[in-house]
Amino acid sequence: MSHSYTEENYIKAIFKLSANGTQEVSTNAIAEVLETKAASVTDMLRKLSSKDIVNYVKYKGVSLTPQGERVALQIIRKHRLWETFLVEKLKFNWDEVHEVAEELEHISSSLLTNRLDEYLGYPRFDPHGDPIPTEDGEMKLKKQQLLGELETGSEGKVVGVSDSQPLFLQYLDKLGIGLGAHIRVKDKIPYDNSLEVELNGEKQLLLSSEVCRNIYLSA
């Protein structure tokens, strides 16, 4: 069954807000993410419920059905494959691809998606370090931890970010932080939880707690 552009945006938003489909989310949370009114969300949830995409109970929140999860994973797969294509083949910067991929993810051809996956060599992670679902909806998750959760003396390699907004990615580029960069925590500042870190064994940086909450490291 095909879904409209708007329906797909709702399905993807519910999946992300529900921690990958594991919990219910409120209509207000969906309205905030999609920048619309709660009444509009309610109307759409009723529509998606009639298509067996969501489990919706008024005043109790919404979750995706198994069918809804499959649809969400395919949308996310297309989005992350297109991001990978744009960076690897068209030489976009990692801060430029999200909005373009938002448009391309709505192309419904599964043949095109599979050919794109094959052309790229079946990548498992996108340019931001996020896992790319397979055609069967499986995702290979990395063992990772937020930089802000590490103790003094800990170190690791940057494997992803939780904030893919262009301004944040541009800031990381300015600092010289990208996927694969090595970071060692030299000191944690109790006053504001900022971190003094060493980047790639040479550069010294002071990172705010907000920045540290959005960078994933793997040992």
# chains A, B, ... in the order shown; residues from 1 in each chain; ligands from 1
>>> residues_around(residues="A:Asn214", least_positions_apart="2", cutoff="9 Å", atoms="only C-alpha atoms", output="ChimeraX atom specification")
/A:146-148,160-163,209-212,216
>>> write_last_selection(atoms="N, CA and C atoms", output="mmCIF file, in the first residue's frame")
data_model
loop_
_atom_site.group_PDB
_atom_site.id
_atom_site.type_symbol
_atom_site.label_atom_id
_atom_site.label_comp_id
_atom_site.auth_asym_id
_atom_site.auth_seq_id
_atom_site.Cartn_x
_atom_site.Cartn_y
_atom_site.Cartn_z
ATOM 1 N N LEU A 146 27.503 8.545 24.448
ATOM 2 C CA LEU A 146 27.606 9.986 24.259
ATOM 3 C C LEU A 146 28.873 10.513 24.918
ATOM 4 N N LEU A 147 29.526 11.435 24.248
ATOM 5 C CA LEU A 147 30.751 12.030 24.774
ATOM 6 C C LEU A 147 30.514 12.618 26.159
ATOM 7 N N GLY A 148 29.359 13.231 26.366
ATOM 8 C CA GLY A 148 29.058 13.864 27.646
ATOM 9 C C GLY A 148 28.944 12.900 28.808
ATOM 10 N N GLY A 160 29.220 8.906 15.320
ATOM 11 C CA GLY A 160 27.923 9.439 14.925
ATOM 12 C C GLY A 160 27.552 10.684 15.702
ATOM 13 N N VAL A 161 26.458 11.300 15.284
ATOM 14 C CA VAL A 161 25.913 12.473 15.970
ATOM 15 C C VAL A 161 24.414 12.276 16.136
ATOM 16 N N SER A 162 23.865 12.842 17.196
ATOM 17 C CA SER A 162 22.423 12.754 17.388
ATOM 18 C C SER A 162 21.710 13.989 16.852
ATOM 19 N N ASP A 163 22.460 15.028 16.543
ATOM 20 C CA ASP A 163 21.906 16.260 15.982
ATOM 21 C C ASP A 163 22.484 16.434 14.583
ATOM 22 N N SER A 209 28.568 21.376 27.217
ATOM 23 C CA SER A 209 27.810 20.168 27.538
ATOM 24 C C SER A 209 26.803 19.848 26.436
ATOM 25 N N GLU A 210 26.271 20.891 25.795
ATOM 26 C CA GLU A 210 25.301 20.644 24.717
ATOM 27 C C GLU A 210 25.958 19.946 23.529
ATOM 28 N N VAL A 211 27.152 20.364 23.180
ATOM 29 C CA VAL A 211 27.882 19.713 22.090
ATOM 30 C C VAL A 211 28.181 18.268 22.460
ATOM 31 N N CYS A 212 28.614 18.055 23.706
ATOM 32 C CA CYS A 212 28.986 16.701 24.162
ATOM 33 C C CYS A 212 27.794 15.758 24.222
ATOM 34 N N TYR A 216 28.517 10.915 19.468
ATOM 35 C CA TYR A 216 28.662 9.529 19.904
ATOM 36 C C TYR A 216 30.082 9.040 19.663
#
>>> residues_around(residues="stretch 64-66 of chain A", least_positions_apart="2", cutoff="12 Å", atoms="only C-alpha atoms", output="ChimeraX atom specification")
/A:10-25,45,48-57,61-62,68-73,137
>>> select_by_dssp(residues="stretch 25-151 of chain A", states="strand (DSSP E or B)", output="count of residues only")
13
>>> closest_residue(among="A:His3, A:His182, A:Ile177, A:Ala219", to="A:Ile107", atoms="only C-alpha atoms")
A:His3
>>> residues_around(residues="stretch 92-96 of chain A", least_positions_apart="5", cutoff="7 Å", atoms="only C-alpha atoms", output="ChimeraX atom specification")
/A:86-87,127,165-166,169-170
>>> residues_around(residues="A:Lys143", least_positions_apart="4", cutoff="12 Å", atoms="only C-alpha atoms", output="PyMOL selection string")
chain A and resi 129-131+156-160+216-219
>>> residues_around(residues="stretch 41-44 of chain A", least_positions_apart="5", cutoff="8 Å", atoms="only C-alpha atoms", output="ChimeraX atom specification")
/A:7,27,30-31,36
>>> select_by_dssp(residues="stretch 145-202 of chain A", states="helix (DSSP H, G or I)", output="PyMOL selection string")
chain A and resi 147-149+166-175
>>> write_last_selection(atoms="N, CA and C atoms", output="PDB file, in the first residue's frame")
ATOM      1  N   LEU A 147      29.526  11.435  24.248  1.00  0.00           N
ATOM      2  CA  LEU A 147      30.751  12.030  24.774  1.00  0.00           C
ATOM      3  C   LEU A 147      30.514  12.618  26.159  1.00  0.00           C
ATOM      4  N   GLY A 148      29.359  13.231  26.366  1.00  0.00           N
ATOM      5  CA  GLY A 148      29.058  13.864  27.646  1.00  0.00           C
ATOM      6  C   GLY A 148      28.944  12.900  28.808  1.00  0.00           C
ATOM      7  N   GLU A 149      28.812  11.603  28.518  1.00  0.00           N
ATOM      8  CA  GLU A 149      28.671  10.597  29.575  1.00  0.00           C
ATOM      9  C   GLU A 149      30.014   9.990  29.981  1.00  0.00           C
ATOM     10  N   PRO A 166      22.213  21.421  10.159  1.00  0.00           N
ATOM     11  CA  PRO A 166      23.375  21.991   9.470  1.00  0.00           C
ATOM     12  C   PRO A 166      24.273  22.855  10.360  1.00  0.00           C
ATOM     13  N   LEU A 167      23.691  23.693  11.212  1.00  0.00           N
ATOM     14  CA  LEU A 167      24.513  24.576  12.037  1.00  0.00           C
ATOM     15  C   LEU A 167      25.423  23.791  12.975  1.00  0.00           C
ATOM     16  N   PHE A 168      24.915  22.689  13.524  1.00  0.00           N
ATOM     17  CA  PHE A 168      25.732  21.868  14.417  1.00  0.00           C
ATOM     18  C   PHE A 168      26.850  21.185  13.640  1.00  0.00           C
ATOM     19  N   LEU A 169      26.523  20.621  12.483  1.00  0.00           N
ATOM     20  CA  LEU A 169      27.531  19.931  11.681  1.00  0.00           C
ATOM     21  C   LEU A 169      28.583  20.907  11.160  1.00  0.00           C
ATOM     22  N   GLN A 170      28.169  22.106  10.808  1.00  0.00           N
ATOM     23  CA  GLN A 170      29.124  23.123  10.374  1.00  0.00           C
ATOM     24  C   GLN A 170      30.064  23.508  11.515  1.00  0.00           C
ATOM     25  N   TYR A 171      29.523  23.562  12.728  1.00  0.00           N
ATOM     26  CA  TYR A 171      30.351  23.878  13.897  1.00  0.00           C
ATOM     27  C   TYR A 171      31.381  22.777  14.130  1.00  0.00           C
ATOM     28  N   LEU A 172      30.958  21.517  14.011  1.00  0.00           N
ATOM     29  CA  LEU A 172      31.907  20.410  14.170  1.00  0.00           C
ATOM     30  C   LEU A 172      32.997  20.474  13.102  1.00  0.00           C
ATOM     31  N   ASP A 173      32.609  20.805  11.877  1.00  0.00           N
ATOM     32  CA  ASP A 173      33.607  20.945  10.805  1.00  0.00           C
ATOM     33  C   ASP A 173      34.630  22.020  11.161  1.00  0.00           C
ATOM     34  N   LYS A 174      34.145  23.121  11.722  1.00  0.00           N
ATOM     35  CA  LYS A 174      35.030  24.228  12.106  1.00  0.00           C
ATOM     36  C   LYS A 174      36.018  23.783  13.181  1.00  0.00           C
ATOM     37  N   LEU A 175      35.559  22.910  14.080  1.00  0.00           N
ATOM     38  CA  LEU A 175      36.431  22.399  15.145  1.00  0.00           C
ATOM     39  C   LEU A 175      37.371  21.305  14.645  1.00  0.00           C
TER      40      LEU A 175
END
>>> closest_residue(among="A:His106, A:Ala101, A:Gly121, A:Arg46", to="A:Gln74", atoms="only C-alpha atoms")
A:His106
>>> closest_residue(among="A:Ile132, A:Ile183, A:Met139, A:Leu104", to="A:Glu155", atoms="only C-alpha atoms")
A:Ile183
>>> atom_distance(atom1="atom CA of A:Glu103", atom2="atom CA of A:His79")
8.6 Å
>>> residues_around(residues="A:Arg184", least_positions_apart="6", cutoff="8 Å", atoms="only C-alpha atoms", output="PDB file with C-alpha atoms, in the first residue's frame")
ATOM      1  CA  GLY A 153      40.674   9.809  30.894  1.00  0.00           C
ATOM      2  CA  SER A 154      38.178   8.017  28.643  1.00  0.00           C
ATOM      3  CA  GLU A 155      38.676   8.098  24.894  1.00  0.00           C
ATOM      4  CA  GLY A 156      37.163   6.863  21.679  1.00  0.00           C
ATOM      5  CA  VAL A 197      39.297  17.241  25.298  1.00  0.00           C
ATOM      6  CA  GLU A 198      42.220  16.312  23.094  1.00  0.00           C
ATOM      7  CA  LEU A 199      41.375  15.864  19.421  1.00  0.00           C
ATOM      8  CA  GLY A 201      46.277  13.475  19.834  1.00  0.00           C
TER       9      GLY A 201
END
>>> residues_around(residues="stretch 111-120 of chain A", least_positions_apart="2", cutoff="7 Å", atoms="only C-alpha atoms", output="JSON, numbers by chain")
{"A": [78, 81, 109, 122, 123]}
>>> atom_distance(atom1="atom CA of A:Glu102", atom2="atom CA of A:Lys37")
21.2 Å
>>> atom_distance(atom1="atom CA of A:Glu196", atom2="atom CA of A:Gly178")
17.4 Å
>>> closest_residue(among="A:Asp126, A:Ser26, A:Val97, A:Ala39", to="A:Ser63", atoms="only C-alpha atoms")
A:Ser26
